[in-house]
>>> print(open('query.pdb').read())   # PDB, C-alpha atoms, pLDDT in the B column
ATOM      1  CA  MET A   1      11.685 -11.694  -5.834  1.00 89.00           C
ATOM      2  CA  PHE A   2      10.139  -8.874  -3.783  1.00 88.00           C
ATOM      3  CA  GLN A   3      13.580  -7.416  -3.085  1.00 89.00           C
ATOM      4  CA  GLU A   4      14.410  -7.481  -6.795  1.00 91.00           C
ATOM      5  CA  ILE A   5      11.172  -5.664  -7.671  1.00 89.00           C
ATOM      6  CA  GLN A   6      11.837  -3.058  -5.002  1.00 87.00           C
ATOM      7  CA  ALA A   7      15.392  -2.611  -6.266  1.00 90.00           C
ATOM      8  CA  LEU A   8      14.011  -1.805  -9.727  1.00 91.00           C
ATOM      9  CA  ASP A   9      11.325   0.592  -8.447  1.00 87.00           C
ATOM     10  CA  PRO A  10      10.651   0.934  -4.703  1.00 85.00           C
ATOM     11  CA  ARG A  11       7.417   2.824  -5.443  1.00 85.00           C
ATOM     12  CA  ARG A  12       5.883  -0.091  -7.367  1.00 89.00           C
ATOM     13  CA  PRO A  13       3.019  -1.662  -5.394  1.00 92.00           C
ATOM     14  CA  VAL A  14       3.515  -5.385  -4.772  1.00 93.00           C
ATOM     15  CA  ILE A  15       0.688  -7.690  -3.732  1.00 93.00           C
ATOM     16  CA  PHE A  16       1.634 -10.960  -2.074  1.00 91.00           C
ATOM     17  CA  ILE A  17      -0.584 -13.977  -2.792  1.00 91.00           C
ATOM     18  CA  THR A  18       0.139 -17.193  -0.930  1.00 88.00           C
ATOM     19  CA  ALA A  19      -1.485 -20.513  -0.186  1.00 88.00           C
ATOM     20  CA  HIS A  20       0.231 -20.892   3.169  1.00 83.00           C
ATOM     21  CA  GLY A  21      -0.144 -17.512   4.814  1.00 76.00           C
ATOM     22  CA  THR A  22       0.204 -16.819   8.497  1.00 82.00           C
ATOM     23  CA  THR A  23      -0.251 -13.649  10.480  1.00 83.00           C
ATOM     24  CA  GLU A  24       3.518 -13.438  10.895  1.00 85.00           C
ATOM     25  CA  THR A  25       4.237 -13.653   7.164  1.00 85.00           C
ATOM     26  CA  ALA A  26       1.523 -11.098   6.406  1.00 84.00           C
ATOM     27  CA  LEU A  27       2.979  -8.685   8.959  1.00 85.00           C
ATOM     28  CA  GLU A  28       6.496  -9.234   7.622  1.00 85.00           C
ATOM     29  CA  ALA A  29       5.376  -8.575   4.035  1.00 86.00           C
ATOM     30  CA  MET A  30       3.579  -5.383   5.035  1.00 86.00           C
ATOM     31  CA  LYS A  31       6.528  -4.254   7.166  1.00 87.00           C
ATOM     32  CA  ARG A  32       8.843  -4.694   4.171  1.00 87.00           C
ATOM     33  CA  GLY A  33       6.561  -2.533   2.038  1.00 88.00           C
ATOM     34  CA  ALA A  34       4.037  -4.838   0.374  1.00 89.00           C
ATOM     35  CA  PHE A  35       0.939  -3.053  -0.913  1.00 90.00           C
ATOM     36  CA  ASP A  36      -1.257  -5.867   0.388  1.00 91.00           C
ATOM     37  CA  TYR A  37      -1.290  -9.565   1.215  1.00 90.00           C
ATOM     38  CA  LEU A  38      -3.857 -12.155   0.112  1.00 90.00           C
ATOM     39  CA  VAL A  39      -4.305 -15.801   1.019  1.00 88.00           C
ATOM     40  CA  LYS A  40      -5.601 -18.377  -1.456  1.00 90.00           C
ATOM     41  CA  PRO A  41      -8.270 -19.032  -2.484  1.00 91.00           C
ATOM     42  CA  VAL A  42      -8.409 -15.435  -3.658  1.00 92.00           C
ATOM     43  CA  ASP A  43     -11.716 -13.581  -3.772  1.00 93.00           C
ATOM     44  CA  LEU A  44     -11.666 -12.288  -7.360  1.00 95.00           C
ATOM     45  CA  GLU A  45     -13.845  -9.262  -6.576  1.00 94.00           C
ATOM     46  CA  ARG A  46     -11.496  -8.226  -3.771  1.00 93.00           C
ATOM     47  CA  LEU A  47      -8.470  -8.833  -6.005  1.00 95.00           C
ATOM     48  CA  THR A  48     -10.003  -6.704  -8.764  1.00 95.00           C
ATOM     49  CA  GLN A  49     -10.608  -3.832  -6.341  1.00 94.00           C
ATOM     50  CA  LEU A  50      -7.137  -4.214  -4.872  1.00 93.00           C
ATOM     51  CA  LEU A  51      -5.516  -4.159  -8.320  1.00 94.00           C
ATOM     52  CA  GLY A  52      -7.434  -0.991  -9.155  1.00 94.00           C
ATOM     53  CA  ARG A  53      -6.132   0.671  -5.996  1.00 92.00           C
ATOM     54  CA  ALA A  54      -2.591  -0.585  -6.684  1.00 92.00           C
ATOM     55  CA  PHE A  55      -2.606   0.744 -10.256  1.00 92.00           C
ATOM     56  CA  GLU A  56      -3.938   4.098  -9.064  1.00 89.00           C
ATOM     57  CA  ALA A  57      -1.295   4.222  -6.310  1.00 88.00           C
ATOM     58  CA  ALA A  58       1.436   3.438  -8.852  1.00 87.00           C
ATOM     59  CA  ARG A  59       0.165   6.177 -11.156  1.00 85.00           C
ATOM     60  CA  LEU A  60       0.058   8.702  -8.324  1.00 82.00           C
ATOM     61  CA  MET A  61       3.557   7.770  -7.158  1.00 80.00           C
ATOM     62  CA  HIS A  62       4.889   9.056 -10.467  1.00 76.00           C
ATOM     63  CA  VAL A  63       2.963  12.339 -10.403  1.00 74.00           C
ATOM     64  CA  PRO A  64       4.907  15.152  -8.747  1.00 70.00           C
ATOM     65  CA  ALA A  65       3.201  16.745  -5.743  1.00 63.00           C
ATOM     66  CA  VAL A  66       2.701  20.475  -6.027  1.00 64.00           C
ATOM     67  CA  LEU A  67       1.860  22.501  -2.930  1.00 56.00           C
ATOM     68  CA  PRO A  68       0.951  26.197  -2.837  1.00 61.00           C
ATOM     69  CA  ALA A  69       3.864  28.445  -1.854  1.00 62.00           C
ATOM     70  CA  GLU A  70       2.063  29.676   1.279  1.00 62.00           C
ATOM     71  CA  ASP A  71       1.524  26.135   2.597  1.00 53.00           C
ATOM     72  CA  SER A  72       3.476  25.372   5.767  1.00 57.00           C
ATOM     73  CA  GLY A  73       4.000  21.758   4.624  1.00 56.00           C
ATOM     74  CA  ASP A  74       2.652  20.202   7.817  1.00 59.00           C
ATOM     75  CA  ARG A  75      -0.472  18.580   6.410  1.00 66.00           C
ATOM     76  CA  ILE A  76      -1.292  15.802   3.976  1.00 64.00           C
ATOM     77  CA  VAL A  77      -2.890  16.961   0.751  1.00 66.00           C
ATOM     78  CA  GLY A  78      -4.935  14.615  -1.392  1.00 70.00           C
ATOM     79  CA  ARG A  79      -8.476  13.910  -2.447  1.00 72.00           C
ATOM     80  CA  SER A  80      -8.012  10.665  -4.352  1.00 77.00           C
ATOM     81  CA  THR A  81      -9.502   7.403  -3.113  1.00 76.00           C
ATOM     82  CA  VAL A  82      -6.007   6.048  -2.468  1.00 81.00           C
ATOM     83  CA  MET A  83      -5.050   9.048  -0.310  1.00 80.00           C
ATOM     84  CA  GLN A  84      -8.322   8.812   1.613  1.00 75.00           C
ATOM     85  CA  GLU A  85      -7.690   5.106   2.267  1.00 77.00           C
ATOM     86  CA  MET A  86      -4.133   5.876   3.357  1.00 80.00           C
ATOM     87  CA  CYS A  87      -5.349   8.546   5.789  1.00 74.00           C
ATOM     88  CA  LYS A  88      -7.920   6.112   7.199  1.00 73.00           C
ATOM     89  CA  SER A  89      -5.182   3.500   7.634  1.00 76.00           C
ATOM     90  CA  LEU A  90      -2.959   6.031   9.391  1.00 75.00           C
ATOM     91  CA  GLY A  91      -5.833   6.912  11.703  1.00 70.00           C
ATOM     92  CA  ARG A  92      -6.324   3.246  12.569  1.00 71.00           C
ATOM     93  CA  ILE A  93      -2.660   2.451  13.251  1.00 73.00           C
ATOM     94  CA  ALA A  94      -1.488   5.739  14.803  1.00 71.00           C
ATOM     95  CA  PRO A  95      -2.796   4.988  18.312  1.00 68.00           C
ATOM     96  CA  GLN A  96      -1.170   1.542  18.402  1.00 66.00           C
ATOM     97  CA  ASP A  97       1.956   0.980  20.464  1.00 68.00           C
ATOM     98  CA  VAL A  98       3.917  -1.515  18.365  1.00 60.00           C
ATOM     99  CA  MET A  99       7.554  -2.481  18.658  1.00 59.00           C
ATOM    100  CA  CYS A 100       9.328  -3.484  15.420  1.00 51.00           C
TER
END
>>> encode(input="query.pdb", output="structure tokens")
Amino acid sequence: MFQEIQALDPRRPVIFITAHGTTETALEAMKRGAFDYLVKPVDLERLTQLLGRAFEAARLMHVPAVLPAEDSGDRIVGRSTVMQEMCKSLGRIAPQDVMC
């Protein structure tokens, strides 16, 4: 089903929810482009926050980025909560040496 959703719109955030999750399946889902991965029983407060971030990410994915003409294009621009979270995530994973 995930592949069908991505075929329709690869920018659409997809959240996996499973009752039988393992570290391997979570990593595989994230590697394939899942927005996030939750294991049942789901914490409703966390799910609510996650859905808010997913909806905001989906909205931002359909807004064209506009950079000033003098910008060299070698930096990430964004002040939204989603962009800040993404930059934090990049900072956490950048130093890791992982083979795919």
>>> resolve_selection(input="query.pdb", expression="the PyMOL selection byres ((chain A and resi 16) around 8)", output="MDAnalysis selection string")
chainID A and resid 14:15 17:18 29 34 36:38
>>> atom_distance(input="query.pdb", atom1="atom CA of A:Arg59", atom2="atom CA of A:Ala19")
28.9 Å
>>> atom_distance(input="query.pdb", atom1="atom CA of A:Thr23", atom2="atom CA of A:Phe2")
18.3 Å
>>> atom_distance(input="query.pdb", atom1="atom CA of A:Met1", atom2="atom CA of A:Ala58")
18.5 Å
>>> resolve_selection(input="query.pdb", expression="the PyMOL selection byres ((chain A and resi 61) around 12)", output="PyMOL selection string")
chain A and resi 9-13+54-60+62-65+82-83
>>> residues_around(input="query.pdb", residues="A:Met86", least_positions_apart="5", cutoff="12 Å", atoms="only C-alpha atoms", output="PyMOL selection string")
chain A and resi 35+53+57+76-81+91-94
>>> closest_residue(input="query.pdb", among="A:Leu90, A:Gly21, A:Leu51, A:Gly33", to="A:Gln6", atoms="all atoms listed in the file")
A:Gly33
>>> build_atoms(input="query.pdb", residues="stretch 33-53 of chain A", atoms="N, CA and C atoms", output="compact mmCIF listing (two decimals), in the coordinates of the input")
# COMPACT_ATOMS: atom_id res chain seq x y z
N GLY A 33 7.06 -3.47 3.03
CA GLY A 33 6.56 -2.53 2.04
C GLY A 33 5.57 -3.10 1.04
N ALA A 34 5.03 -4.28 1.29
CA ALA A 34 4.04 -4.84 0.37
C ALA A 34 2.80 -3.94 0.36
N PHE A 35 2.17 -3.84 -0.78
CA PHE A 35 0.94 -3.05 -0.91
C PHE A 35 -0.20 -3.76 -0.19
N ASP A 36 -0.26 -5.07 -0.32
CA ASP A 36 -1.26 -5.87 0.39
C ASP A 36 -0.84 -7.34 0.35
N TYR A 37 -1.62 -8.16 1.03
CA TYR A 37 -1.29 -9.56 1.22
C TYR A 37 -2.58 -10.36 1.16
N LEU A 38 -2.66 -11.33 0.27
CA LEU A 38 -3.86 -12.16 0.11
C LEU A 38 -3.51 -13.62 0.30
N VAL A 39 -4.47 -14.37 0.82
CA VAL A 39 -4.30 -15.80 1.02
C VAL A 39 -5.27 -16.52 0.07
N LYS A 40 -4.76 -17.57 -0.57
CA LYS A 40 -5.60 -18.38 -1.46
C LYS A 40 -6.62 -19.16 -0.64
N PRO A 41 -7.78 -19.44 -1.17
CA PRO A 41 -8.27 -19.03 -2.48
C PRO A 41 -8.61 -17.54 -2.47
N VAL A 42 -8.26 -16.88 -3.55
CA VAL A 42 -8.41 -15.44 -3.66
C VAL A 42 -9.83 -15.09 -4.10
N ASP A 43 -10.41 -14.13 -3.40
CA ASP A 43 -11.72 -13.58 -3.77
C ASP A 43 -11.47 -12.66 -4.96
N LEU A 44 -11.96 -13.04 -6.14
CA LEU A 44 -11.67 -12.29 -7.36
C LEU A 44 -12.19 -10.86 -7.32
N GLU A 45 -13.32 -10.63 -6.68
CA GLU A 45 -13.84 -9.26 -6.58
C GLU A 45 -12.91 -8.40 -5.73
N ARG A 46 -12.44 -8.96 -4.62
CA ARG A 46 -11.50 -8.23 -3.77
C ARG A 46 -10.18 -7.98 -4.51
N LEU A 47 -9.70 -8.99 -5.24
CA LEU A 47 -8.47 -8.83 -6.00
C LEU A 47 -8.63 -7.75 -7.07
N THR A 48 -9.76 -7.72 -7.74
CA THR A 48 -10.00 -6.70 -8.76
C THR A 48 -9.97 -5.30 -8.16
N GLN A 49 -10.62 -5.13 -7.02
CA GLN A 49 -10.61 -3.83 -6.34
C GLN A 49 -9.20 -3.47 -5.88
N LEU A 50 -8.50 -4.44 -5.35
CA LEU A 50 -7.14 -4.21 -4.87
C LEU A 50 -6.20 -3.83 -6.02
N LEU A 51 -6.34 -4.50 -7.15
CA LEU A 51 -5.52 -4.16 -8.32
C LEU A 51 -5.81 -2.74 -8.80
N GLY A 52 -7.08 -2.36 -8.78
CA GLY A 52 -7.43 -0.99 -9.15
C GLY A 52 -6.77 0.03 -8.25
N ARG A 53 -6.79 -0.24 -6.94
CA ARG A 53 -6.13 0.67 -6.00
C ARG A 53 -4.62 0.67 -6.20
